[in-house]
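> Got model.txt for you, compact mmCIF, C-alpha atoms and all ligand atoms:
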```
# COMPACT_ATOMS: atom_id res chain seq x y z
CA MET O 223 102.30 198.69 99.76
CA ASN O 224 104.86 196.01 98.95
CA THR O 225 104.59 193.39 96.18
CA LEU O 226 103.40 190.76 98.57
CA GLU O 227 100.52 192.90 99.79
CA ILE O 228 99.47 193.54 96.22
CA THR O 229 99.56 189.80 95.51
CA CYS O 230 97.53 189.22 98.66
CA SER O 231 94.67 191.50 97.85
CA ALA O 232 94.64 190.93 94.10
CA ALA O 233 94.98 187.16 94.01
CA PRO O 234 94.71 185.52 97.39
CA THR O 235 95.48 182.04 96.08
CA ALA O 236 98.36 182.97 93.80
CA ARG O 237 101.21 180.67 94.66
CA PRO O 238 104.74 180.91 93.37
CA SER O 239 106.21 177.69 91.99
CA ARG O 240 109.08 178.19 94.39
CA TRP O 241 108.94 180.09 97.66
CA SER O 242 111.87 182.27 98.56
CA VAL O 243 112.76 182.74 102.21
CA PRO O 244 112.20 186.54 101.98
CA ASP O 245 108.69 185.97 100.55
CA ILE O 246 107.86 183.66 103.42
CA GLU O 247 109.33 186.11 105.90
CA ALA O 248 107.09 188.78 104.40
CA LEU O 249 104.08 186.54 105.04
CA PHE O 250 105.14 186.20 108.68
CA LYS O 251 105.29 189.98 108.94
CA LEU O 252 101.80 190.67 107.55
CA PRO O 253 99.34 192.27 109.93
CA PHE O 254 97.84 189.39 111.95
CA ALA O 255 94.32 189.86 110.58
CA ASP O 256 95.54 189.94 106.97
CA LEU O 257 97.61 186.82 107.48
CA LEU O 258 94.74 184.90 109.04
CA TYR O 259 92.29 186.10 106.42
CA ARG O 260 94.51 184.88 103.64
CA ALA O 261 95.13 181.53 105.37
CA GLN O 262 91.37 181.14 105.91
CA GLN O 263 90.57 181.75 102.28
CA ILE O 264 93.07 179.14 101.16
CA HIS O 265 91.94 176.70 103.83
CA ARG O 266 88.31 176.96 102.73
CA GLU O 267 89.21 176.44 99.09
CA HIS O 268 90.76 173.08 99.91
CA PHE O 269 89.04 171.71 103.01
CA ASP O 270 85.94 171.63 105.13
CA PRO O 271 87.21 174.15 107.73
CA ASN O 272 85.30 172.44 110.54
CA ALA O 273 86.68 168.92 110.09
CA VAL O 274 89.77 167.87 112.00
CA GLN O 275 91.88 164.81 111.31
CA LEU O 276 92.80 162.90 114.50
CA SER O 277 96.09 160.98 114.79
CA THR O 278 97.02 158.96 117.85
CA LEU O 279 100.67 158.40 118.66
CA LEU O 280 102.24 155.39 120.31
CA SER O 281 105.87 155.04 121.28
CA ILE O 282 106.68 151.49 120.20
CA LYS O 283 110.31 151.77 121.34
CA THR O 284 111.13 154.36 123.98
CA GLY O 285 114.38 156.00 125.08
CA GLY O 286 118.09 155.30 124.78
CA CYS O 287 118.39 156.89 121.34
CA THR O 288 121.91 157.29 119.95
CA GLU O 289 121.14 160.68 118.33
CA ASP O 290 121.87 163.93 120.15
CA CYS O 291 118.75 165.96 119.21
CA GLY O 292 118.81 168.83 121.70
CA TYR O 293 115.04 168.96 122.14
CA CYS O 294 114.45 165.28 122.71
CA PRO O 295 113.86 163.57 126.05
CA GLN O 296 114.68 160.21 124.45
CA SER O 297 118.25 160.98 123.47
CA ALA O 298 120.89 159.04 125.43
CA PHE O 299 122.91 162.30 125.41
CA ASN O 300 120.22 164.01 127.51
CA SER O 301 119.18 163.38 131.10
CA ALA O 302 115.43 163.75 131.00
CA GLY O 303 114.88 160.60 133.07
CA VAL O 304 113.28 158.62 130.24
CA GLU O 305 114.26 154.99 130.75
CA GLU O 306 115.08 152.86 127.77
CA ARG O 307 112.46 150.18 127.15
CA LYS O 308 112.44 147.32 124.72
CA MET O 309 110.16 147.31 121.73
CA LEU O 310 106.46 146.72 122.43
CA ALA O 311 104.91 143.41 121.39
CA VAL O 312 102.77 143.49 118.26
CA SER O 313 99.71 142.52 120.33
CA ALA O 314 100.18 145.54 122.64
CA VAL O 315 100.41 147.87 119.65
CA VAL O 316 97.25 146.48 118.08
CA GLU O 317 95.42 146.82 121.37
CA ALA O 318 96.45 150.48 121.64
CA ALA O 319 95.41 151.11 118.04
CA ARG O 320 92.01 149.53 118.61
CA ALA O 321 91.47 151.67 121.71
CA ALA O 322 92.46 154.80 119.75
CA GLN O 323 90.06 153.86 116.96
CA GLN O 324 87.23 153.40 119.44
CA LYS O 325 87.89 156.92 120.73
CA GLY O 326 87.62 158.29 117.19
CA ALA O 327 91.20 158.42 115.87
CA GLY O 328 91.49 157.84 112.14
CA ARG O 329 95.26 157.50 111.96
CA PHE O 330 97.68 155.63 114.18
CA CYS O 331 101.32 156.69 114.28
CA MET O 332 104.00 154.36 115.62
CA GLY O 333 107.16 156.11 116.82
CA ALA O 334 110.53 154.66 117.73
CA ALA O 335 113.58 156.22 119.37
CA TRP O 336 116.00 155.02 116.73
CA ARG O 337 118.56 156.64 114.49
CA GLU O 338 117.40 153.99 112.02
CA PRO O 339 115.71 150.60 112.39
CA SER O 340 117.67 147.34 112.27
CA GLU O 341 116.66 144.38 110.09
CA GLU O 342 115.21 142.65 113.13
CA ASP O 343 113.26 145.77 114.14
CA MET O 344 111.76 145.91 110.67
CA GLU O 345 110.24 142.44 110.98
CA SER O 346 108.16 143.51 113.97
CA VAL O 347 107.29 146.92 112.52
CA VAL O 348 106.00 145.31 109.32
CA GLU O 349 103.71 143.07 111.39
CA MET O 350 102.48 146.08 113.37
CA VAL O 351 101.71 148.08 110.24
CA LYS O 352 99.77 145.20 108.67
CA ALA O 353 97.78 144.57 111.85
CA VAL O 354 96.87 148.23 112.38
CA ARG O 355 95.90 148.57 108.75
CA ASP O 356 93.65 145.52 109.11
CA LEU O 357 91.69 147.46 111.73
CA GLY O 358 90.81 149.94 108.99
CA MET O 359 92.97 152.78 110.33
CA GLU O 360 95.40 154.91 108.37
CA THR O 361 98.95 153.98 109.35
CA CYS O 362 101.96 156.17 109.99
CA ALA O 363 105.41 155.31 111.30
CA THR O 364 108.38 157.38 112.43
CA LEU O 365 111.47 155.23 112.83
CA GLY O 366 114.37 157.49 111.87
CA MET O 367 116.38 157.18 108.67
CA LEU O 368 115.47 154.49 106.15
CA ASN O 369 117.43 152.73 103.43
CA ASP O 370 115.86 151.61 100.14
CA GLU O 371 115.08 148.11 101.34
CA GLN O 372 113.36 149.28 104.52
CA THR O 373 111.34 151.82 102.60
CA GLU O 374 110.18 149.08 100.27
CA GLN O 375 109.30 146.79 103.20
CA LEU O 376 107.09 149.50 104.69
CA ARG O 377 105.41 150.19 101.38
CA ALA O 378 104.74 146.49 100.85
CA ALA O 379 103.25 146.29 104.36
CA GLY O 380 100.79 149.00 103.31
CA LEU O 381 102.13 151.93 105.34
CA ASP O 382 100.22 155.07 104.38
CA TYR O 383 102.45 157.81 105.82
CA TYR O 384 106.06 158.05 106.90
CA ASN O 385 106.84 160.81 109.40
CA HIS O 386 110.31 162.30 109.26
CA ASN O 387 110.64 165.92 110.28
CA LEU O 388 113.07 168.44 108.87
CA ASP O 389 112.75 170.02 112.32
CA THR O 390 114.23 173.43 111.48
CA ALA O 391 116.01 175.47 108.81
CA PRO O 392 119.27 174.07 107.38
CA GLU O 393 121.19 177.04 108.86
CA PHE O 394 119.94 176.41 112.39
CA TYR O 395 120.02 172.62 112.30
CA GLY O 396 123.66 172.33 113.46
CA ASN O 397 122.77 174.21 116.67
CA ILE O 398 120.34 171.44 117.60
CA ILE O 399 121.70 168.13 116.25
CA SER O 400 125.21 167.00 115.39
CA THR O 401 124.91 163.23 114.88
CA ARG O 402 123.30 163.34 111.44
CA ASP O 403 122.88 166.07 108.89
CA TYR O 404 120.09 167.76 107.01
CA GLN O 405 120.86 165.93 103.79
CA ASP O 406 120.30 162.57 105.57
CA ARG O 407 116.76 163.69 106.31
CA LEU O 408 116.11 164.88 102.78
CA ASP O 409 117.43 161.56 101.45
CA THR O 410 115.03 159.55 103.61
CA LEU O 411 112.12 161.72 102.51
CA GLU O 412 113.12 161.25 98.88
CA ARG O 413 113.12 157.47 99.32
CA VAL O 414 109.68 157.56 100.90
CA ARG O 415 108.38 159.67 98.04
CA ARG O 416 109.88 157.42 95.38
CA ALA O 417 108.35 154.35 97.00
CA GLY O 418 104.94 156.00 96.66
CA MET O 419 104.06 156.53 100.33
CA SER O 420 102.69 159.81 101.61
CA ILE O 421 105.05 162.10 103.48
CA CYS O 422 104.44 163.55 106.91
CA SER O 423 107.13 166.14 107.57
CA GLY O 424 107.24 169.32 109.57
CA GLY O 425 109.28 170.83 112.33
CA ILE O 426 109.57 172.39 115.74
CA VAL O 427 109.30 176.09 116.49
CA GLY O 428 110.37 177.83 119.68
CA MET O 429 113.89 176.36 119.74
CA GLY O 430 115.50 179.81 119.69
CA GLU O 431 115.44 180.14 115.90
CA ASN O 432 114.97 183.59 114.43
CA LEU O 433 112.22 184.61 112.03
CA THR O 434 114.39 184.03 108.94
CA GLN O 435 115.15 180.53 110.17
CA ARG O 436 111.49 179.82 110.88
CA ALA O 437 110.73 180.99 107.34
CA GLY O 438 113.62 178.80 106.13
CA LEU O 439 111.99 175.68 107.56
CA ILE O 440 108.70 176.47 105.85
CA ALA O 441 110.52 177.17 102.57
CA GLN O 442 112.23 173.77 102.70
CA LEU O 443 108.90 172.02 103.22
CA ALA O 444 106.88 174.07 100.75
CA ASN O 445 109.49 173.74 98.01
CA MET O 446 109.53 169.96 98.14
CA ASN O 447 107.98 168.80 94.90
CA PRO O 448 105.34 167.77 95.80
CA TYR O 449 105.16 169.24 99.29
CA PRO O 450 104.31 166.84 102.19
CA GLU O 451 100.72 165.61 102.47
CA SER O 452 100.92 166.09 106.22
CA VAL O 453 102.81 168.88 108.02
CA PRO O 454 103.18 168.68 111.80
CA ILE O 455 103.99 172.01 113.42
CA ASN O 456 105.36 171.27 116.89
CA ASN O 457 105.82 173.86 119.60
CA LEU O 458 108.92 172.86 121.55
CA VAL O 459 108.03 170.92 124.70
CA ARG O 460 110.76 172.18 127.02
CA VAL O 461 111.74 169.05 128.89
CA GLU O 462 113.97 169.28 131.98
CA GLY O 463 117.30 167.53 131.34
CA THR O 464 117.45 168.49 127.65
CA PRO O 465 119.75 171.30 126.43
CA LEU O 466 116.69 173.26 125.27
CA ALA O 467 114.86 173.09 128.61
CA ASN O 468 115.45 176.77 129.37
CA THR O 469 114.79 178.18 125.91
CA GLU O 470 112.62 181.27 125.99
CA GLU O 471 108.97 180.45 125.36
CA LEU O 472 107.68 181.36 121.92
CA ASP O 473 104.98 184.04 121.80
CA PRO O 474 101.81 181.99 121.13
CA LEU O 475 100.82 184.40 118.37
CA ASP O 476 104.06 183.56 116.56
CA PHE O 477 103.07 179.92 116.74
CA VAL O 478 99.70 180.81 115.17
CA ARG O 479 101.51 182.75 112.47
CA THR O 480 103.63 179.69 111.67
CA VAL O 481 100.49 177.60 111.18
CA ALA O 482 99.01 180.27 108.90
CA VAL O 483 102.16 180.48 106.80
CA ALA O 484 102.26 176.68 106.48
CA ARG O 485 98.64 176.73 105.30
CA ILE O 486 99.28 179.46 102.73
CA THR O 487 102.42 177.86 101.31
CA MET O 488 101.08 174.27 101.36
CA PRO O 489 97.38 174.77 100.59
CA ALA O 490 96.29 171.14 100.30
CA ALA O 491 98.40 169.70 103.13
CA ARG O 492 96.99 168.55 106.45
CA VAL O 493 98.63 171.03 108.79
CA ARG O 494 98.84 169.47 112.24
CA LEU O 495 98.76 171.44 115.45
CA SER O 496 101.20 169.02 117.09
CA ALA O 497 103.35 168.91 120.24
CA GLY O 498 102.86 171.68 122.78
CA ARG O 499 99.05 171.68 122.90
CA GLN O 500 98.94 170.79 126.56
CA GLN O 501 100.58 174.12 127.36
CA MET O 502 98.25 176.03 124.99
CA SER O 503 95.00 177.75 125.93
CA ASP O 504 91.77 176.90 124.12
CA ALA O 505 91.87 180.40 122.64
CA VAL O 506 95.30 179.88 121.06
CA GLN O 507 94.26 176.50 119.71
CA ALA O 508 91.12 178.08 118.25
CA LEU O 509 93.32 180.67 116.53
CA CYS O 510 95.45 177.83 115.11
CA PHE O 511 92.31 176.24 113.62
CA LEU O 512 91.35 179.64 112.19
CA ALA O 513 94.86 179.88 110.75
CA GLY O 514 94.35 176.63 108.88
CA ALA O 515 95.35 173.80 111.21
CA ASN O 516 93.15 170.80 110.45
CA SER O 517 94.76 167.95 112.31
CA ILE O 518 95.82 167.21 115.89
CA PHE O 519 97.52 164.52 117.93
CA TYR O 520 94.70 162.94 119.88
CA GLY O 521 95.17 160.94 123.09
CA GLU O 522 96.71 161.60 126.49
CA GLN O 523 100.27 160.87 125.48
CA LEU O 524 102.54 162.09 122.68
CA LEU O 525 105.66 159.86 122.84
CA THR O 526 107.05 160.53 126.31
CA THR O 527 105.23 163.75 127.20
CA GLY O 528 101.58 164.56 127.79
CA ASN O 529 98.83 165.73 125.48
CA PRO O 530 95.32 166.98 126.39
CA ASP O 531 92.74 164.43 127.57
CA VAL O 532 90.42 163.05 124.93
CA GLU O 533 87.42 164.47 126.82
CA LYS O 534 89.00 167.92 126.93
CA ASP O 535 89.70 167.81 123.19
CA ARG O 536 86.18 166.62 122.43
CA ALA O 537 84.81 169.50 124.51
CA LEU O 538 87.02 171.99 122.67
CA LEU O 539 85.96 170.71 119.26
CA ASP O 540 82.30 170.80 120.32
CA LYS O 541 82.66 174.33 121.59
CA LEU O 542 84.07 175.34 118.20
CA GLY O 543 81.46 173.42 116.22
CA MET O 544 84.20 171.21 114.81
CA TYR O 545 84.19 167.44 114.30
CA PRO O 546 86.63 164.61 113.63
CA LEU O 547 87.21 163.89 109.97
CA ALA O 548 85.71 160.39 110.03
CA GLU O 549 82.60 161.81 111.66
CA SER O 550 82.17 164.75 109.28
CA HIS O 551 78.58 165.42 108.29
N1 LIG J 601 113.60 158.89 116.11
C1 LIG J 601 112.82 159.25 115.00
C2 LIG J 601 113.25 160.56 114.38
O1 LIG J 601 113.84 161.39 115.05
O2 LIG J 601 112.94 160.76 113.21
C3 LIG J 601 111.33 159.30 115.30
C4 LIG J 601 110.86 159.83 116.61
S1 LIG J 601 111.25 161.53 116.97
C5 LIG J 601 110.81 161.69 118.66
C6 LIG J 601 109.96 162.41 116.07
C7 LIG J 601 109.91 163.89 116.16
O3 LIG J 601 109.40 164.31 117.42
C8 LIG J 601 111.19 164.67 116.03
O4 LIG J 601 111.63 164.79 114.73
C9 LIG J 601 110.77 166.02 116.58
O5 LIG J 601 110.28 166.84 115.53
C10 LIG J 601 109.63 165.68 117.54
N2 LIG J 601 110.00 166.00 118.94
C11 LIG J 601 110.83 165.29 119.74
N3 LIG J 601 110.97 165.90 120.94
C12 LIG J 601 110.21 167.01 120.90
C13 LIG J 601 109.95 168.07 121.83
N4 LIG J 601 110.52 168.10 123.03
N5 LIG J 601 109.10 169.05 121.46
C14 LIG J 601 108.53 169.04 120.24
N6 LIG J 601 108.75 168.08 119.31
C15 LIG J 601 109.57 167.08 119.63
C1 LIG J 602 105.75 164.98 115.28
O1 LIG J 602 105.95 165.87 114.45
N1 LIG J 602 105.55 165.17 116.57
C2 LIG J 602 105.34 163.93 117.26
C3 LIG J 602 105.38 162.88 116.10
N2 LIG J 602 105.68 163.69 114.96
C4 LIG J 602 106.22 161.69 116.21
C5 LIG J 602 106.28 163.70 118.39
C6 LIG J 602 106.25 164.79 119.43
C7 LIG J 602 107.13 164.36 120.56
C8 LIG J 602 107.09 165.31 121.73
C9 LIG J 602 108.00 164.89 122.82
C10 LIG J 602 107.68 163.55 123.41
O2 LIG J 602 106.50 163.27 123.74
O3 LIG J 602 108.62 162.77 123.63
FE1 LIG J 603 116.31 159.95 118.69
FE2 LIG J 603 114.30 160.82 117.23
FE3 LIG J 603 114.72 161.76 119.73
FE4 LIG J 603 116.41 162.43 117.81
S1 LIG J 603 114.23 162.95 117.90
S2 LIG J 603 116.95 161.72 119.86
S3 LIG J 603 116.43 160.60 116.58
S4 LIG J 603 114.14 159.71 119.17
```
If you took the structure in this file and wrote it as structure tokens, what would it be?


Amino acid sequence: MNTLEITCSAAPTARPSRWSVPDIEALFKLPFADLLYRAQQIHREHFDPNAVQLSTLLSIKTGGCTEDCGYCPQSAFNSAGVEERKMLAVSAVVEAARAAQQKGAGRFCMGAAWREPSEEDMESVVEMVKAVRDLGMETCATLGMLNDEQTEQLRAAGLDYYNHNLDTAPEFYGNIISTRDYQDRLDTLERVRRAGMSICSGGIVGMGENLTQRAGLIAQLANMNPYPESVPINNLVRVEGTPLANTEELDPLDFVRTVAVARITMPAARVRLSAGRQQMSDAVQALCFLAGANSIFYGEQLLTTGNPDVEKDRALLDKLGMYPLAESH
């Protein structure tokens, strides 16, 4: 029995102040049942295990992005057939948010295909954030890198969460993106934290990373002090025309393991079962909830790719005896 196993059985909630990559790798390698049991225990100590937080995404500015992210259909470097569109009008965004709220979403996330917003972009985004907040929804935005002034503008507008993903481990990052570096991402997250907004940050698995690199991503997130309030775990959506289109599909059980490890290392975070759900069976999604996922993207569209129908998701939650957070009993 190794040290980790002893820690597991003796003190299931013991949590090092800093996670090493080998410790996280050891979690990944636990027998599946032991890993899920440990994740379940931690999940139940911090959350109602049957309540799921629902976030709806809207692409407020689609396509033509100047970054070369290898996974992304919106990069101008890729040929995924996503046409560049101009930014949506504030009224269209509010209408979409209201519709999402009526369907039960509690959080509305506005995404833009930018390396970073311009001053002019910020004026519209600030209006959008204020208007969505006035509906009584939680607000989230993902606009790329931010400077101090932009961060402050978003905070003053009342933005609740800023989404900026680390995407993968520092060692693997250069295989996927070359137009900005890991430190740029950490700097933006640090600004968001200093301004007092909550952080939504996670990554993508299934991009050809190895287990050590997958553990490296989780270590980066879990060792942030404090760790993100919201952690999206995306399964790569392999879009034709992107360099990663032909990447070998991740074993679904390895995706479940990633969710469980995120839960164990970030006990009080909302771990979101994010992109890739449309390609996932109900059974795999159920395992993700068992592993500690307690949030999903809700609504037929992610940014440019599809997501399960609202009716299908409602049926799945019903089947599992689960309910949206706002409707918890
Ligand atoms: N442009 C901004 C940025 O990159 O920060 C915000 C939008 S960007 C599309 C938000 C996130 O979507 C990326 O960081 C990445 O994690 C995720 N994403 C993009 N394409 C994806 C894909 N094909 N599969 C899974 N996740 C994806
Ligand atoms: C996140 O972690 N995943 C979402 C959201 N944050 C912005 C985006 C997923 C995008 C999937 C590909 C697309 O639809 O373009
Ligand atoms: Fe641009 Fe964001 Fe897509 Fe990268 S992930 S290409 S920054 S929209």

> To check your reading of the model: which residues sit at most 10 Å from ligand LIG 603 (chain J) when counting all atoms listed in the file? Write the answer as a ChimeraX atom specification.

/O:281,283-300,333-338,364-367,386-387,389,398-399,401-402,525

> Using all atoms listed in the file, find the one residue out of O:Leu439, O:Ile455, O:Ile426, O:Ala378 that sits nearest to Glu349 (chain O).

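Among the listed residues, O:Ala378 lies closest to Glu349 (chain O).
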
> Near Gly543 (chain O), within 8 Å and counting only C-alpha atoms, which residues show up once chain neighbours fewer than 3 positions away are dropped, as a list in words?

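Non-adjacent residues within range: Asn272, Leu539 and Asp540 of chain O.
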
> Can you work out which one of O:Arg320, O:Gly430, O:Ala491, O:Phe519 has the shortest atom-to-atom distance to Glu471 (chain O), counting all atoms listed in the file?

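Counting all atoms listed in the file, the residue closest to Glu471 (chain O) is O:Gly430.
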
> Taking (106.3, 150.3, 118.0) in the file's own coordinates, collect the residues within 8 Å, counting only C-alpha atoms, and hand them back as a PyMOL selection string.

chain O and resi 280-283+309-312+315+332-334+347+350

> Pick out the closest residue to Ala497 (chain O) from this set: O:Val351, O:Leu279, O:Leu252, O:Ala363. Count all atoms listed in the file.

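Smallest separation from Ala497 (chain O) among the options: O:Leu279.
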
> Complete region 247-272 of chain O at the level of N, CA and C atoms, written as a compact mmCIF listing (two decimals), keeping the file's coordinate frame.


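The result, stored in selection.txt:
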```txt
# COMPACT_ATOMS: atom_id res chain seq x y z
N GLU O 247 109.15 185.17 104.78
CA GLU O 247 109.33 186.11 105.90
C GLU O 247 108.32 187.23 105.82
N ALA O 248 108.07 187.69 104.58
CA ALA O 248 107.09 188.78 104.40
C ALA O 248 105.70 188.32 104.82
N LEU O 249 105.37 187.06 104.57
CA LEU O 249 104.08 186.54 105.04
C LEU O 249 104.02 186.62 106.57
N PHE O 250 105.09 186.16 107.21
CA PHE O 250 105.14 186.20 108.68
C PHE O 250 104.91 187.60 109.22
N LYS O 251 105.35 188.59 108.44
CA LYS O 251 105.29 189.98 108.94
C LYS O 251 103.99 190.70 108.59
N LEU O 252 103.09 190.02 107.87
CA LEU O 252 101.80 190.67 107.55
C LEU O 252 101.06 191.02 108.83
N PRO O 253 100.21 192.03 108.78
CA PRO O 253 99.34 192.27 109.93
C PRO O 253 98.58 190.97 110.24
N PHE O 254 98.41 190.67 111.53
CA PHE O 254 97.84 189.39 111.95
C PHE O 254 96.51 189.09 111.24
N ALA O 255 95.65 190.08 111.18
CA ALA O 255 94.32 189.86 110.58
C ALA O 255 94.44 189.55 109.09
N ASP O 256 95.36 190.22 108.40
CA ASP O 256 95.54 189.94 106.97
C ASP O 256 96.08 188.54 106.74
N LEU O 257 97.02 188.15 107.60
CA LEU O 257 97.61 186.82 107.48
C LEU O 257 96.54 185.74 107.70
N LEU O 258 95.76 185.92 108.75
CA LEU O 258 94.74 184.90 109.04
C LEU O 258 93.64 184.88 107.98
N TYR O 259 93.32 186.04 107.46
CA TYR O 259 92.29 186.10 106.42
C TYR O 259 92.74 185.33 105.18
N ARG O 260 93.98 185.55 104.82
CA ARG O 260 94.51 184.88 103.64
C ARG O 260 94.59 183.36 103.87
N ALA O 261 95.03 182.97 105.05
CA ALA O 261 95.13 181.53 105.37
C ALA O 261 93.74 180.89 105.35
N GLN O 262 92.76 181.62 105.89
CA GLN O 262 91.37 181.14 105.91
C GLN O 262 90.82 180.91 104.52
N GLN O 263 91.08 181.88 103.66
CA GLN O 263 90.57 181.75 102.28
C GLN O 263 91.12 180.49 101.64
N ILE O 264 92.42 180.30 101.79
CA ILE O 264 93.07 179.14 101.16
C ILE O 264 92.57 177.85 101.80
N HIS O 265 92.43 177.88 103.11
CA HIS O 265 91.94 176.70 103.83
C HIS O 265 90.57 176.28 103.30
N ARG O 266 89.69 177.25 103.15
CA ARG O 266 88.31 176.96 102.73
C ARG O 266 88.22 176.52 101.27
N GLU O 267 89.21 176.92 100.48
CA GLU O 267 89.21 176.44 99.09
C GLU O 267 89.57 174.97 98.99
N HIS O 268 90.26 174.46 100.01
CA HIS O 268 90.76 173.08 99.91
C HIS O 268 90.13 172.10 100.89
N PHE O 269 89.53 172.61 101.95
CA PHE O 269 89.04 171.71 103.01
C PHE O 269 87.73 172.21 103.60
N ASP O 270 87.02 171.26 104.23
CA ASP O 270 85.94 171.63 105.13
C ASP O 270 86.64 172.22 106.37
N PRO O 271 86.45 173.51 106.65
CA PRO O 271 87.21 174.15 107.73
C PRO O 271 86.82 173.66 109.13
N ASN O 272 85.73 172.89 109.22
CA ASN O 272 85.30 172.44 110.54
C ASN O 272 85.66 170.99 110.84
```
